[in-house]
Structure formats: structure tokens, C-alpha cells
file model.txt (compact mmCIF, C-alpha atoms)
# COMPACT_ATOMS: atom_id res chain seq x y z
CA MET U 126 27.42 -60.47 26.64
CA ALA U 127 27.88 -56.93 27.57
CA ARG U 128 24.91 -55.01 26.51
CA ARG U 129 25.81 -51.81 24.81
CA ALA U 130 23.75 -48.80 25.64
CA ALA U 131 21.84 -47.39 22.69
CA PRO U 132 23.99 -44.63 21.26
CA GLU U 133 22.62 -41.23 22.11
CA ILE U 134 21.82 -38.94 19.24
CA ASN U 135 23.81 -35.79 19.47
CA ALA U 136 21.27 -33.03 19.78
CA GLY U 137 23.82 -30.29 19.80
CA SER U 138 23.21 -29.37 16.17
CA MET U 139 19.44 -29.22 16.55
CA ALA U 140 19.62 -25.55 17.44
CA ASP U 141 21.60 -24.89 14.27
CA ILE U 142 19.06 -26.70 12.12
CA ALA U 143 16.24 -24.81 13.76
CA PHE U 144 18.11 -21.56 13.21
CA LEU U 145 18.52 -22.36 9.57
CA LEU U 146 14.80 -22.97 9.15
CA LEU U 147 14.00 -19.87 11.17
CA ILE U 148 16.18 -17.71 8.95
CA PHE U 149 14.57 -19.21 5.86
CA PHE U 150 11.10 -18.27 7.09
CA LEU U 151 12.27 -14.85 8.25
CA VAL U 152 13.52 -14.12 4.77
CA THR U 153 10.60 -15.49 2.80
CA THR U 154 7.94 -13.98 5.03
CA THR U 155 5.99 -11.06 3.66
CA MET U 156 4.27 -9.32 6.49
CA ASP U 157 2.54 -6.85 4.24
CA THR U 158 -1.13 -6.45 4.91
CA ASP U 159 -3.07 -5.48 1.86
CA ILE U 160 -4.40 -1.98 2.14
CA GLY U 161 -6.15 0.21 -0.33
CA ILE U 162 -9.22 2.20 -1.24
CA THR U 163 -12.28 -0.01 -1.62
CA ARG U 164 -14.93 1.05 -4.10
CA ILE U 165 -18.08 -0.51 -5.44
CA LEU U 166 -18.38 -0.23 -9.21
CA PRO U 167 -21.77 0.66 -10.63
CA PRO U 168 -23.63 -2.33 -12.07
CA PRO U 169 -23.37 -2.73 -15.85
CA VAL U 170 -25.87 -0.70 -17.83
CA LYS U 171 -28.14 -2.72 -20.09
CA ASN U 172 -29.43 0.07 -22.23
CA LYS U 173 -26.71 2.47 -23.24
CA ASP U 174 -29.05 5.21 -24.36
CA THR U 175 -30.81 5.73 -21.06
CA HIS U 176 -29.99 9.23 -20.12
CA VAL U 177 -30.38 10.59 -16.65
CA ASP U 178 -30.77 14.30 -16.49
CA VAL U 179 -29.15 15.87 -13.49
CA LYS U 180 -29.42 19.53 -12.77
CA ASP U 181 -26.23 21.44 -13.25
CA ARG U 182 -26.21 22.79 -9.71
CA ASN U 183 -26.30 19.25 -8.35
CA VAL U 184 -23.05 18.15 -9.92
CA LEU U 185 -19.49 18.91 -8.91
CA LYS U 186 -17.52 18.21 -12.04
CA ILE U 187 -13.95 17.10 -11.64
CA LEU U 188 -11.91 16.74 -14.79
CA ILE U 189 -8.35 15.46 -14.99
CA ASN U 190 -6.46 15.75 -18.25
CA SER U 191 -3.58 13.74 -19.61
CA HIS U 192 -1.07 16.12 -18.02
CA ASP U 193 -2.53 15.38 -14.58
CA LEU U 194 -4.03 18.86 -14.30
CA MET U 195 -7.39 19.20 -12.65
CA LEU U 196 -10.44 21.33 -13.26
CA VAL U 197 -13.22 21.59 -10.69
CA ASN U 198 -16.39 23.07 -12.18
CA GLY U 199 -14.33 24.60 -14.95
CA LYS U 200 -11.69 26.22 -12.77
CA PRO U 201 -8.17 24.95 -12.08
CA ALA U 202 -7.83 23.31 -8.70
CA THR U 203 -5.33 21.34 -6.62
CA VAL U 204 -5.65 18.03 -4.83
CA GLU U 205 -4.83 19.69 -1.50
CA ASN U 206 -7.99 21.75 -1.23
CA LEU U 207 -10.26 19.29 -3.01
CA PRO U 208 -11.56 17.64 0.20
CA GLN U 209 -12.68 21.05 1.48
CA ARG U 210 -14.38 21.83 -1.84
CA VAL U 211 -16.25 18.53 -1.79
CA GLU U 212 -17.30 18.96 1.82
CA ASP U 213 -18.60 22.48 1.15
CA PHE U 214 -20.44 21.21 -1.87
CA MET U 215 -22.05 18.28 -0.11
CA ALA U 216 -23.00 20.29 3.00
CA LEU U 217 -26.63 21.34 3.31
CA HIS U 218 -27.48 24.76 1.90
CA PRO U 219 -31.29 24.56 1.65
CA ASN U 220 -31.98 27.98 0.13
CA ASP U 221 -28.86 28.74 -1.82
CA PRO U 222 -29.27 28.35 -5.60
CA ASN U 223 -25.51 27.98 -6.04
CA PHE U 224 -25.47 24.73 -4.10
CA PRO U 225 -27.19 21.40 -4.79
CA GLU U 226 -30.82 20.83 -3.96
CA VAL U 227 -31.82 19.12 -0.76
CA LYS U 228 -34.51 16.53 -0.26
CA GLU U 229 -36.13 15.06 2.79
CA GLU U 230 -35.72 11.36 3.20
CA TYR U 231 -37.33 9.09 5.76
CA ILE U 232 -34.78 7.04 7.67
CA PRO U 233 -36.55 4.18 9.48
CA GLU U 234 -33.67 3.64 11.93
CA LEU U 235 -34.00 7.20 13.20
CA GLY U 236 -37.78 7.26 12.86
CA LYS U 237 -37.77 10.69 11.27
CA LYS U 238 -37.12 12.55 8.11
CA VAL U 239 -33.60 13.76 7.45
CA MET U 240 -32.40 16.39 5.01
CA MET U 241 -30.14 14.89 2.38
CA THR U 242 -28.24 16.64 -0.36
CA LYS U 243 -28.84 15.74 -3.98
CA GLY U 244 -25.26 16.60 -4.87
CA VAL U 245 -23.14 14.22 -6.89
CA VAL U 246 -19.43 14.36 -7.51
CA SER U 247 -18.66 13.53 -11.10
CA LEU U 248 -15.15 12.36 -11.85
CA LYS U 249 -13.90 12.22 -15.36
CA ASN U 250 -10.38 11.48 -16.43
CA ASP U 251 -8.49 11.14 -19.65
CA ARG U 252 -7.09 7.84 -20.87
CA GLY U 253 -3.68 9.42 -20.52
CA THR U 254 -4.10 10.43 -16.87
CA SER U 255 -1.56 8.74 -14.63
CA TYR U 256 -2.79 6.23 -12.09
CA GLU U 257 -0.90 8.13 -9.37
CA MET U 258 -2.96 11.26 -9.99
CA TYR U 259 -6.18 9.26 -10.17
CA ILE U 260 -5.47 7.68 -6.78
CA LYS U 261 -4.59 11.10 -5.34
CA VAL U 262 -8.00 12.40 -6.38
CA GLN U 263 -9.79 9.25 -5.18
CA ASN U 264 -7.93 9.63 -1.90
CA ALA U 265 -8.99 13.28 -1.60
CA LEU U 266 -12.61 12.29 -2.25
CA ALA U 267 -12.37 9.47 0.29
CA LYS U 268 -10.98 11.97 2.78
CA ALA U 269 -13.90 14.32 2.25
CA PHE U 270 -16.48 11.56 2.70
CA ASP U 271 -14.65 10.11 5.70
CA GLU U 272 -14.70 13.51 7.36
CA MET U 273 -18.42 13.88 6.68
CA LYS U 274 -19.02 10.43 8.16
CA ASP U 275 -17.03 11.47 11.21
CA GLN U 276 -19.22 14.55 11.63
CA GLU U 277 -22.44 12.54 11.41
CA SER U 278 -21.05 9.91 13.73
CA MET U 279 -20.05 12.56 16.27
CA ARG U 280 -23.50 14.10 16.03
CA TYR U 281 -25.46 10.91 16.62
CA TYR U 282 -23.15 8.78 18.73
CA GLY U 283 -20.43 11.12 20.01
CA VAL U 284 -17.56 9.03 18.68
CA PRO U 285 -15.57 9.18 15.43
CA PHE U 286 -16.72 6.84 12.66
CA LYS U 287 -13.75 4.49 12.92
CA ASP U 288 -14.49 3.87 16.61
CA LEU U 289 -18.00 2.62 15.92
CA VAL U 290 -18.30 -1.12 16.52
CA ASN U 291 -22.01 -1.77 16.18
CA GLN U 292 -22.71 -2.82 12.60
CA LYS U 293 -26.17 -1.20 12.70
CA LYS U 294 -24.67 2.15 13.62
CA ILE U 295 -22.03 1.82 10.90
CA ASP U 296 -24.72 1.00 8.35
CA LEU U 297 -26.80 3.98 9.42
CA ILE U 298 -23.90 6.40 9.02
CA ASN U 299 -23.12 4.88 5.63
CA LYS U 300 -26.73 5.47 4.70
CA LEU U 301 -26.66 9.08 5.89
CA VAL U 302 -23.43 9.80 4.03
CA PRO U 303 -23.54 7.80 0.80
CA ILE U 304 -20.42 8.00 -1.32
CA ARG U 305 -21.94 9.80 -4.26
CA VAL U 306 -19.15 9.69 -6.79
CA SER U 307 -19.99 9.01 -10.38
CA GLU U 308 -17.27 8.10 -12.81
CA ALA U 309 -17.80 8.97 -16.41
CA GLU U 310 -16.28 7.04 -19.26
CA PRO U 311 -12.88 8.54 -19.92
CA GLU U 312 -12.07 10.51 -23.00
CA ASN U 313 -9.10 10.07 -25.20
CA VAL U 314 -8.09 13.62 -25.89
CA GLY U 315 -4.46 13.63 -24.82
CA GLY U 316 -3.72 10.47 -26.77
CA GLN U 317 -1.82 7.60 -25.36
CA MET X 292 51.21 -15.02 37.56
CA ALA X 293 48.30 -14.27 39.77
CA LYS X 294 46.91 -11.95 37.20
CA PHE X 295 45.77 -14.79 35.01
CA LYS X 296 44.39 -16.83 37.80
CA THR X 297 41.87 -14.36 39.17
CA SER X 298 38.99 -15.64 37.14
CA LYS X 299 39.67 -19.23 38.09
CA THR X 300 40.09 -18.60 41.74
CA LYS X 301 36.70 -16.96 41.86
CA GLY X 302 35.24 -20.22 40.67
CA GLY X 303 34.59 -19.01 37.12
CA GLN X 304 31.38 -17.59 35.77
CA ALA X 305 28.43 -19.93 35.81
CA GLN X 306 27.77 -21.41 32.40
CA ILE X 307 24.44 -20.43 30.94
CA ASN X 308 22.38 -23.49 30.29
CA THR X 309 21.70 -23.60 26.58
CA ALA X 310 19.64 -26.76 26.63
CA SER X 311 16.42 -24.78 26.13
CA LEU X 312 17.83 -22.77 23.27
CA PRO X 313 16.50 -25.13 20.58
CA ASP X 314 13.06 -24.91 22.17
CA ILE X 315 13.08 -21.13 22.04
CA ILE X 316 14.24 -21.18 18.44
CA PHE X 317 11.58 -23.73 17.56
CA MET X 318 8.95 -21.51 19.12
CA LEU X 319 10.06 -18.57 16.96
CA LEU X 320 10.22 -20.89 13.98
CA PHE X 321 6.65 -22.04 14.47
CA PHE X 322 5.50 -18.45 14.86
CA PHE X 323 6.97 -17.53 11.50
CA MET X 324 5.74 -20.72 9.87
CA VAL X 325 2.20 -19.97 10.96
CA THR X 326 2.15 -16.26 10.11
CA THR X 327 3.94 -16.67 6.80
CA HIS X 328 2.09 -16.79 3.57
CA MET X 329 4.15 -17.42 0.54
CA ARG X 330 3.94 -15.33 -2.57
CA GLU X 331 1.61 -17.16 -4.86
CA THR X 332 2.57 -15.50 -8.08
CA THR X 333 5.90 -14.38 -9.40
CA PRO X 334 5.52 -10.78 -10.50
CA LEU X 335 6.04 -10.35 -14.22
CA VAL X 336 5.33 -6.64 -14.11
CA HIS X 337 7.09 -3.94 -12.19
CA ILE X 338 4.77 -2.41 -9.61
CA LYS X 339 5.29 0.59 -7.39
CA LEU X 340 1.99 1.30 -5.69
CA PRO X 341 0.81 4.90 -5.30
CA GLU X 342 0.42 6.42 -1.85
CA ALA X 343 -2.88 7.14 -0.12
CA THR X 344 -3.93 8.10 3.37
CA GLN X 345 -7.59 7.07 3.55
CA VAL X 346 -6.96 3.35 3.35
CA GLN X 347 -8.85 0.33 4.55
CA LYS X 348 -7.48 -3.09 5.29
CA LEU X 349 -8.53 -6.00 3.15
CA GLU X 350 -9.99 -8.39 5.66
CA LYS X 351 -10.27 -11.86 4.23
CA LYS X 352 -7.22 -12.79 2.19
CA SER X 353 -8.92 -15.88 0.78
CA LEU X 354 -11.64 -13.73 -0.76
CA VAL X 355 -9.28 -11.45 -2.67
CA SER X 356 -8.09 -11.93 -6.21
CA TYR X 357 -5.30 -9.84 -7.62
CA ILE X 358 -4.93 -8.14 -10.94
CA TYR X 359 -1.51 -6.68 -11.64
CA ILE X 360 -0.92 -3.92 -14.16
CA GLY X 361 2.43 -2.38 -14.92
CA GLU X 362 5.49 -2.35 -17.12
CA PRO X 363 6.92 -5.81 -17.84
CA VAL X 364 9.96 -6.70 -15.75
CA ASN X 365 11.51 -8.27 -18.81
CA LYS X 366 12.75 -5.25 -20.73
CA SER X 367 12.61 -7.03 -24.10
CA LEU X 368 8.82 -6.99 -23.90
CA GLY X 369 8.79 -3.24 -24.22
CA SER X 370 7.61 -0.57 -21.81
CA LYS X 371 3.90 -0.67 -22.58
CA SER X 372 1.80 -1.49 -19.51
CA ARG X 373 0.57 -5.06 -19.44
CA ILE X 374 -1.95 -6.97 -17.37
CA GLN X 375 -0.89 -9.96 -15.32
CA LEU X 376 -3.41 -12.51 -14.11
CA ASN X 377 -2.05 -15.32 -11.96
CA ASP X 378 1.27 -16.26 -13.55
CA ALA X 379 0.87 -15.03 -17.07
CA PHE X 380 0.34 -11.90 -19.11
CA ALA X 381 -3.22 -11.47 -20.23
CA SER X 382 -5.26 -9.19 -22.42
CA VAL X 383 -8.30 -7.23 -21.32
CA LYS X 384 -10.51 -9.77 -23.11
CA GLN X 385 -9.40 -12.55 -20.77
CA ILE X 386 -10.70 -10.84 -17.65
CA PRO X 387 -14.29 -12.22 -17.70
CA GLU X 388 -12.84 -15.73 -17.95
CA PHE X 389 -10.48 -14.96 -15.06
CA VAL X 390 -13.38 -13.66 -12.96
CA ALA X 391 -15.40 -16.80 -13.68
CA ARG X 392 -12.47 -19.04 -12.76
CA GLU X 393 -11.81 -17.15 -9.53
CA ARG X 394 -15.49 -17.47 -8.60
CA GLN X 395 -15.45 -21.19 -9.31
CA ALA X 396 -12.53 -21.63 -6.96
CA ARG X 397 -14.44 -20.21 -3.99
CA PRO X 398 -17.23 -21.88 -2.02
CA GLU X 399 -20.61 -20.97 -3.34
CA SER X 400 -21.65 -18.93 -0.32
CA ASP X 401 -18.67 -16.62 -0.65
CA ARG X 402 -18.79 -15.93 -4.35
CA ASN X 403 -20.54 -12.60 -4.03
CA LEU X 404 -18.04 -11.36 -1.46
CA LEU X 405 -15.09 -11.72 -3.79
CA THR X 406 -12.97 -8.57 -3.98
CA PHE X 407 -10.67 -7.80 -6.86
CA ALA X 408 -7.59 -5.92 -5.77
CA LEU X 409 -5.99 -3.85 -8.49
CA LYS X 410 -2.27 -3.66 -7.97
CA VAL X 411 -1.35 -1.00 -10.45
CA ASP X 412 1.96 0.77 -10.94
CA GLN X 413 1.72 4.48 -10.24
CA ASN X 414 3.01 5.48 -13.67
CA THR X 415 0.40 3.48 -15.54
CA LYS X 416 -1.97 5.44 -17.72
CA MET X 417 -5.65 5.32 -16.76
CA GLY X 418 -6.72 3.96 -20.16
CA ILE X 419 -5.80 0.36 -19.44
CA VAL X 420 -7.10 0.60 -15.86
CA THR X 421 -10.46 1.84 -17.13
CA ASP X 422 -10.65 -1.00 -19.65
CA VAL X 423 -10.07 -3.48 -16.84
CA LYS X 424 -12.71 -1.80 -14.70
CA GLN X 425 -15.23 -1.93 -17.54
CA GLU X 426 -14.59 -5.65 -18.02
CA LEU X 427 -15.03 -6.24 -14.30
CA ARG X 428 -18.31 -4.34 -14.42
CA LYS X 429 -19.52 -6.40 -17.34
CA SER X 430 -18.76 -9.62 -15.52
CA ASN X 431 -20.48 -8.30 -12.39
CA ALA X 432 -17.38 -8.20 -10.22
CA LEU X 433 -18.24 -4.89 -8.62
CA LYS X 434 -16.25 -4.88 -5.42
CA ILE X 435 -12.78 -3.61 -6.18
CA ASN X 436 -9.89 -2.31 -4.18
CA TYR X 437 -7.20 0.03 -5.44
CA SER X 438 -4.11 -1.26 -3.66
CA THR X 439 -1.97 1.53 -2.27
CA ARG X 440 0.87 2.13 0.08
CA LYS X 441 0.20 3.85 3.36
CA GLY X 442 1.21 7.44 2.81
CA LYS X 443 2.19 10.15 5.23
CA LYS X 444 -0.57 12.49 6.33

call {"tool": "encode", "arguments": {"input": "model.txt", "output": "C-alpha cells"}}
result
Amino acid sequence: MARRAAPEINAGSMADIAFLLLIFFLVTTTMDTDIGITRILPPPVKNKDTHVDVKDRNVLKILINSHDLMLVNGKPATVENLPQRVEDFMALHPNDPNFPEVKEEYIPELGKKVMMTKGVVSLKNDRGTSYEMYIKVQNALAKAFDEMKDQESMRYYGVPFKDLVNQKKIDLINKLVPIRVSEAEPENVGGQ
Amino acid sequence: MAKFKTSKTKGGQAQINTASLPDIIFMLLFFFMVTTHMRETTPLVHIKLPEATQVQKLEKKSLVSYIYIGEPVNKSLGSKSRIQLNDAFASVKQIPEFVARERQARPESDRNLLTFALKVDQNTKMGIVTDVKQELRKSNALKINYSTRKGKK
């Protein structure tokens, strides 16, 4: 009996099948990496009546109304020069009564006392403020603090903050330049 | 007609061996299969993220939960901004429950590292965003991320 050879499977269409699958994955793939501004919310307050008094000179008040207009310490301002304002405000001016107070703080990692500003940026928006404007302001604040971190990083380690790899060094810079932004409960003046 | 014969007389061009073509395609296919992550939720709200320059990458995808806020895609639901959690619309009141469920789904050691990414449409009013933030605060989910697009400097 003549033995028939096992019929060969035609592999010619394999490439086509693979192509089909490839195109499917190409189309469904989302390569987007999630990016954004990370913030830590303040822990919930237990007692609502606790009132912390902060001296007026220590606070940079930013107000945004429902028409997306901004006031910085009572005067109209734009997002473009906000980072500079914040940096000026947070810089150390030990003997100037127009700028926030400074205090000495002992940093164990450095083994010495370091001058730190007591300044706080207070951000208050209306319930009718657009999210776009809010992010613009948050972005401007982030820019200011990032630049200050860069300065400190250059001073102590000679490299920009984003080039630091050592977690201890990163933590130290974060400690030297804390993101002091306080968000007040929004008002509902403009209506929604 | 010598004109037509020239190519043949030269012996013809060597055929390219396509036997390895499926292998190459398979390699590409596997690359995409591995790097792909499917959309887990179908968006019910229309979201155009605002732009920002000072952005950070969200490192661990498995430790991120998403909260979507925007106008409903379905026009018959009106144009008021709504919150979407997982695959359904939700009210602000449901957020603590959502936070608890998301925590439960993670291994115990990672529960404190959970980040909540707010994907909010740029035309949304801050009122609803603030309400969501307050609820997150109350349920002790303090690490949040405002999702943005990478903007031009």
C-alpha cells in the first residue's frame, strides 16, 4: 500500500493572520502615559472651629473668581507672572517687614540650622471657576516651587532637581522647599 | 523583441525570501500585545484635559484609580457635569464607598500608596471638583493627581 505523505499545512496565510492580529493591537493600543500634577490633600479636620492665626505678612493670597480673573494680595494679576511673584514672596528677606517672617530650623541631614520662610500661599477659588484656570494656577505654583527646588539642588549638589537620583538627597530638597500651598474652602459668589 | 527579454537574459532579480516574514510580524505582534493595556472603562463623560507644563508621570498603573468628571457624552442627559466611577455615573456621596472598594481590591501593603487621578474636563466648574476633593479628604484618600496634557512651554 502506497503510503501517502502527511499533507503539509499551507503556511502561506500565516503572515496574513499575524498581520491582522498586529493591526488589531496597533489600533486598540493606547500608548498614553498618565501625567499630571500630584498633590497631597490636607488630612480631614476633626474640629471645624480650630482657628489658626497666621500673620498677614506671611500669606500670599490668591483669589480666582467665577470669571477666571485673579487677584494676588488684592491686586489683579496674570498667570504668566505668578511664578515670579511666588518666588519673590517665598525668598528669604530676613529684615523686610513687607515679606514673610523667617525662622531657623535644624535640619539633621545637614547638621546645621537653616533659615526657612514662614510664608504660605493661600489659594481660594469660586465654585464657578473653570477647572482650566485652576490647573493653570496650580501649574504656575508648581513651576515656582520646582524652580526653588532647582536652586536649592544646585546650591547643595550642583545638579538640577530632576537629575537627582539619590532618594535621600531628593527628600532633603523636598524638606528644604516644602510646597506650602493652602487651599481654602471655595465660595459661591458667582453662582453656578 | 529583445527589448522585452533584457530582464530575463540577465537571469532575473533574485527573489527576496519571505519565509521569515511571519516571524518578524509575530515579533511586532508580541511587542504590541505586551505593551498594550486595554481601556478598562468606557467613557460616559466627555473629557478634554487641561494643559500643564510642570507634570509628573504616574509610576505604578496598578496603584491608580480614576475619577472622571465632565459633561455626559449622551446629550439627552443634559450638559451638567457628572461624575463617573468605573462604568457608571455616580453622585458625590458614593465616593467614600468607591474609595473603600478600590482599597479592598489592592493588596494590604499597597493600600496607603493608592493615588486617585482626577480626569476632569477643562470646562468643568470647580464646585463639583471641590466636592469630590472634600469627599476624598474625608475618606482619607489624600494622594491625588490632576491629570493633564503635556503643554508647550

call {"tool": "interface_residues", "arguments": {"input": "model.txt", "of": "chain U", "to": "chain X", "cutoff": "7 Å", "atoms": "all atoms listed in the file", "output": "ChimeraX atom specification"}}
result
/U:139-140,143-144,146-147,150-151,154-155,159-169,252-257,261,264,267-268

call {"tool": "closest_residue", "arguments": {"input": "model.txt", "among": "X:Asn377, X:Ser356, X:Gln304, X:Ser382", "to": "X:Leu405", "atoms": "all atoms listed in the file"}}
result
X:Ser356

call {"tool": "closest_residue", "arguments": {"input": "model.txt", "among": "U:Val302, U:Met195, U:Leu235, U:Val170", "to": "U:Asn250", "atoms": "all atoms listed in the file"}}
result
U:Met195

call {"tool": "atom_distance", "arguments": {"input": "model.txt", "atom1": "atom CA of X:Ile338", "atom2": "atom CA of X:Ala381"}}
result
16.1 Å

call {"tool": "residues_near_point", "arguments": {"input": "model.txt", "point": "(4.9, -5.3, -17.1)", "cutoff": "9 Å", "atoms": "all atoms listed in the file", "output": "ChimeraX atom specification"}}
result
/X:334-338,359-366,368-375,380

call {"tool": "atom_distance", "arguments": {"input": "model.txt", "atom1": "atom CA of U:Lys237", "atom2": "atom CA of U:Gly283"}}
result
19.4 Å

call {"tool": "atom_distance", "arguments": {"input": "model.txt", "atom1": "atom CA of U:Asn198", "atom2": "atom CA of U:Val184"}}
result
8.6 Å

call {"tool": "residues_near_point", "arguments": {"input": "model.txt", "point": "(-27.8, 7.0, 5.9)", "cutoff": "10 Å", "atoms": "all atoms listed in the file", "output": "PDB file with C-alpha atoms, in the frame of the given file"}}
result
ATOM      1  CA  GLU U 230     -35.720  11.360   3.200  1.00  0.00           C
ATOM      2  CA  TYR U 231     -37.330   9.090   5.760  1.00  0.00           C
ATOM      3  CA  ILE U 232     -34.780   7.040   7.670  1.00  0.00           C
ATOM      4  CA  PRO U 233     -36.550   4.180   9.480  1.00  0.00           C
ATOM      5  CA  GLU U 234     -33.670   3.640  11.930  1.00  0.00           C
ATOM      6  CA  LEU U 235     -34.000   7.200  13.200  1.00  0.00           C
ATOM      7  CA  VAL U 239     -33.600  13.760   7.450  1.00  0.00           C
ATOM      8  CA  MET U 241     -30.140  14.890   2.380  1.00  0.00           C
ATOM      9  CA  LYS U 274     -19.020  10.430   8.160  1.00  0.00           C
ATOM     10  CA  GLU U 277     -22.440  12.540  11.410  1.00  0.00           C
ATOM     11  CA  LYS U 294     -24.670   2.150  13.620  1.00  0.00           C
ATOM     12  CA  ILE U 295     -22.030   1.820  10.900  1.00  0.00           C
ATOM     13  CA  ASP U 296     -24.720   1.000   8.350  1.00  0.00           C
ATOM     14  CA  LEU U 297     -26.800   3.980   9.420  1.00  0.00           C
ATOM     15  CA  ILE U 298     -23.900   6.400   9.020  1.00  0.00           C
ATOM     16  CA  ASN U 299     -23.120   4.880   5.630  1.00  0.00           C
ATOM     17  CA  LYS U 300     -26.730   5.470   4.700  1.00  0.00           C
ATOM     18  CA  LEU U 301     -26.660   9.080   5.890  1.00  0.00           C
ATOM     19  CA  VAL U 302     -23.430   9.800   4.030  1.00  0.00           C
ATOM     20  CA  PRO U 303     -23.540   7.800   0.800  1.00  0.00           C
TER      21      PRO U 303
END

call {"tool": "decode", "arguments": {"input": "model.txt", "residues": "stretch 177-192 of chain U", "atoms": "N, CA, C and O atoms", "output": "PDB file, in the first residue's frame"}}
result
ATOM      1  N   VAL U 177      -6.451  78.778  63.069  1.00  0.00           N
ATOM      2  CA  VAL U 177      -5.027  79.059  63.157  1.00  0.00           C
ATOM      3  C   VAL U 177      -4.801  80.489  62.688  1.00  0.00           C
ATOM      4  O   VAL U 177      -5.184  80.854  61.573  1.00  0.00           O
ATOM      5  N   ASP U 178      -4.223  81.253  63.562  1.00  0.00           N
ATOM      6  CA  ASP U 178      -3.951  82.636  63.186  1.00  0.00           C
ATOM      7  C   ASP U 178      -2.612  82.729  62.480  1.00  0.00           C
ATOM      8  O   ASP U 178      -1.594  82.291  62.996  1.00  0.00           O
ATOM      9  N   VAL U 179      -2.643  83.290  61.310  1.00  0.00           N
ATOM     10  CA  VAL U 179      -1.413  83.481  60.561  1.00  0.00           C
ATOM     11  C   VAL U 179      -1.272  84.971  60.306  1.00  0.00           C
ATOM     12  O   VAL U 179      -2.240  85.642  59.961  1.00  0.00           O
ATOM     13  N   LYS U 180      -0.080  85.449  60.527  1.00  0.00           N
ATOM     14  CA  LYS U 180       0.128  86.882  60.306  1.00  0.00           C
ATOM     15  C   LYS U 180      -0.085  87.230  58.845  1.00  0.00           C
ATOM     16  O   LYS U 180       0.246  86.460  57.949  1.00  0.00           O
ATOM     17  N   ASP U 181      -0.622  88.419  58.646  1.00  0.00           N
ATOM     18  CA  ASP U 181      -0.971  88.852  57.309  1.00  0.00           C
ATOM     19  C   ASP U 181       0.230  88.852  56.372  1.00  0.00           C
ATOM     20  O   ASP U 181       0.114  88.493  55.203  1.00  0.00           O
ATOM     21  N   ARG U 182       1.390  89.259  56.899  1.00  0.00           N
ATOM     22  CA  ARG U 182       2.559  89.360  56.024  1.00  0.00           C
ATOM     23  C   ARG U 182       3.069  87.982  55.590  1.00  0.00           C
ATOM     24  O   ARG U 182       3.866  87.872  54.669  1.00  0.00           O
ATOM     25  N   ASN U 183       2.608  86.944  56.277  1.00  0.00           N
ATOM     26  CA  ASN U 183       3.074  85.601  55.943  1.00  0.00           C
ATOM     27  C   ASN U 183       2.247  84.907  54.872  1.00  0.00           C
ATOM     28  O   ASN U 183       2.535  83.783  54.505  1.00  0.00           O
ATOM     29  N   VAL U 184       1.215  85.560  54.407  1.00  0.00           N
ATOM     30  CA  VAL U 184       0.310  84.890  53.474  1.00  0.00           C
ATOM     31  C   VAL U 184       0.272  85.626  52.140  1.00  0.00           C
ATOM     32  O   VAL U 184       0.135  86.844  52.092  1.00  0.00           O
ATOM     33  N   LEU U 185       0.412  84.860  51.080  1.00  0.00           N
ATOM     34  CA  LEU U 185       0.201  85.398  49.737  1.00  0.00           C
ATOM     35  C   LEU U 185      -1.163  84.903  49.293  1.00  0.00           C
ATOM     36  O   LEU U 185      -1.370  83.723  49.063  1.00  0.00           O
ATOM     37  N   LYS U 186      -2.104  85.843  49.237  1.00  0.00           N
ATOM     38  CA  LYS U 186      -3.485  85.431  48.958  1.00  0.00           C
ATOM     39  C   LYS U 186      -3.768  85.456  47.471  1.00  0.00           C
ATOM     40  O   LYS U 186      -3.628  86.497  46.824  1.00  0.00           O
ATOM     41  N   ILE U 187      -4.158  84.322  46.956  1.00  0.00           N
ATOM     42  CA  ILE U 187      -4.555  84.253  45.547  1.00  0.00           C
ATOM     43  C   ILE U 187      -6.044  83.943  45.492  1.00  0.00           C
ATOM     44  O   ILE U 187      -6.505  82.979  46.080  1.00  0.00           O
ATOM     45  N   LEU U 188      -6.757  84.822  44.828  1.00  0.00           N
ATOM     46  CA  LEU U 188      -8.204  84.625  44.688  1.00  0.00           C
ATOM     47  C   LEU U 188      -8.539  84.492  43.206  1.00  0.00           C
ATOM     48  O   LEU U 188      -8.021  85.239  42.387  1.00  0.00           O
ATOM     49  N   ILE U 189      -9.388  83.543  42.881  1.00  0.00           N
ATOM     50  CA  ILE U 189      -9.861  83.425  41.496  1.00  0.00           C
ATOM     51  C   ILE U 189     -11.381  83.474  41.541  1.00  0.00           C
ATOM     52  O   ILE U 189     -11.999  82.743  42.303  1.00  0.00           O
ATOM     53  N   ASN U 190     -11.946  84.345  40.725  1.00  0.00           N
ATOM     54  CA  ASN U 190     -13.415  84.451  40.757  1.00  0.00           C
ATOM     55  C   ASN U 190     -14.050  83.594  39.676  1.00  0.00           C
ATOM     56  O   ASN U 190     -13.362  82.870  38.955  1.00  0.00           O
ATOM     57  N   SER U 191     -15.365  83.698  39.569  1.00  0.00           N
ATOM     58  CA  SER U 191     -16.067  82.806  38.642  1.00  0.00           C
ATOM     59  C   SER U 191     -15.871  83.208  37.186  1.00  0.00           C
ATOM     60  O   SER U 191     -16.287  82.500  36.283  1.00  0.00           O
ATOM     61  N   HIS U 192     -15.247  84.367  36.951  1.00  0.00           N
ATOM     62  CA  HIS U 192     -14.937  84.752  35.581  1.00  0.00           C
ATOM     63  C   HIS U 192     -13.484  84.477  35.254  1.00  0.00           C
ATOM     64  O   HIS U 192     -12.920  85.044  34.316  1.00  0.00           O
TER      65      HIS U 192
END
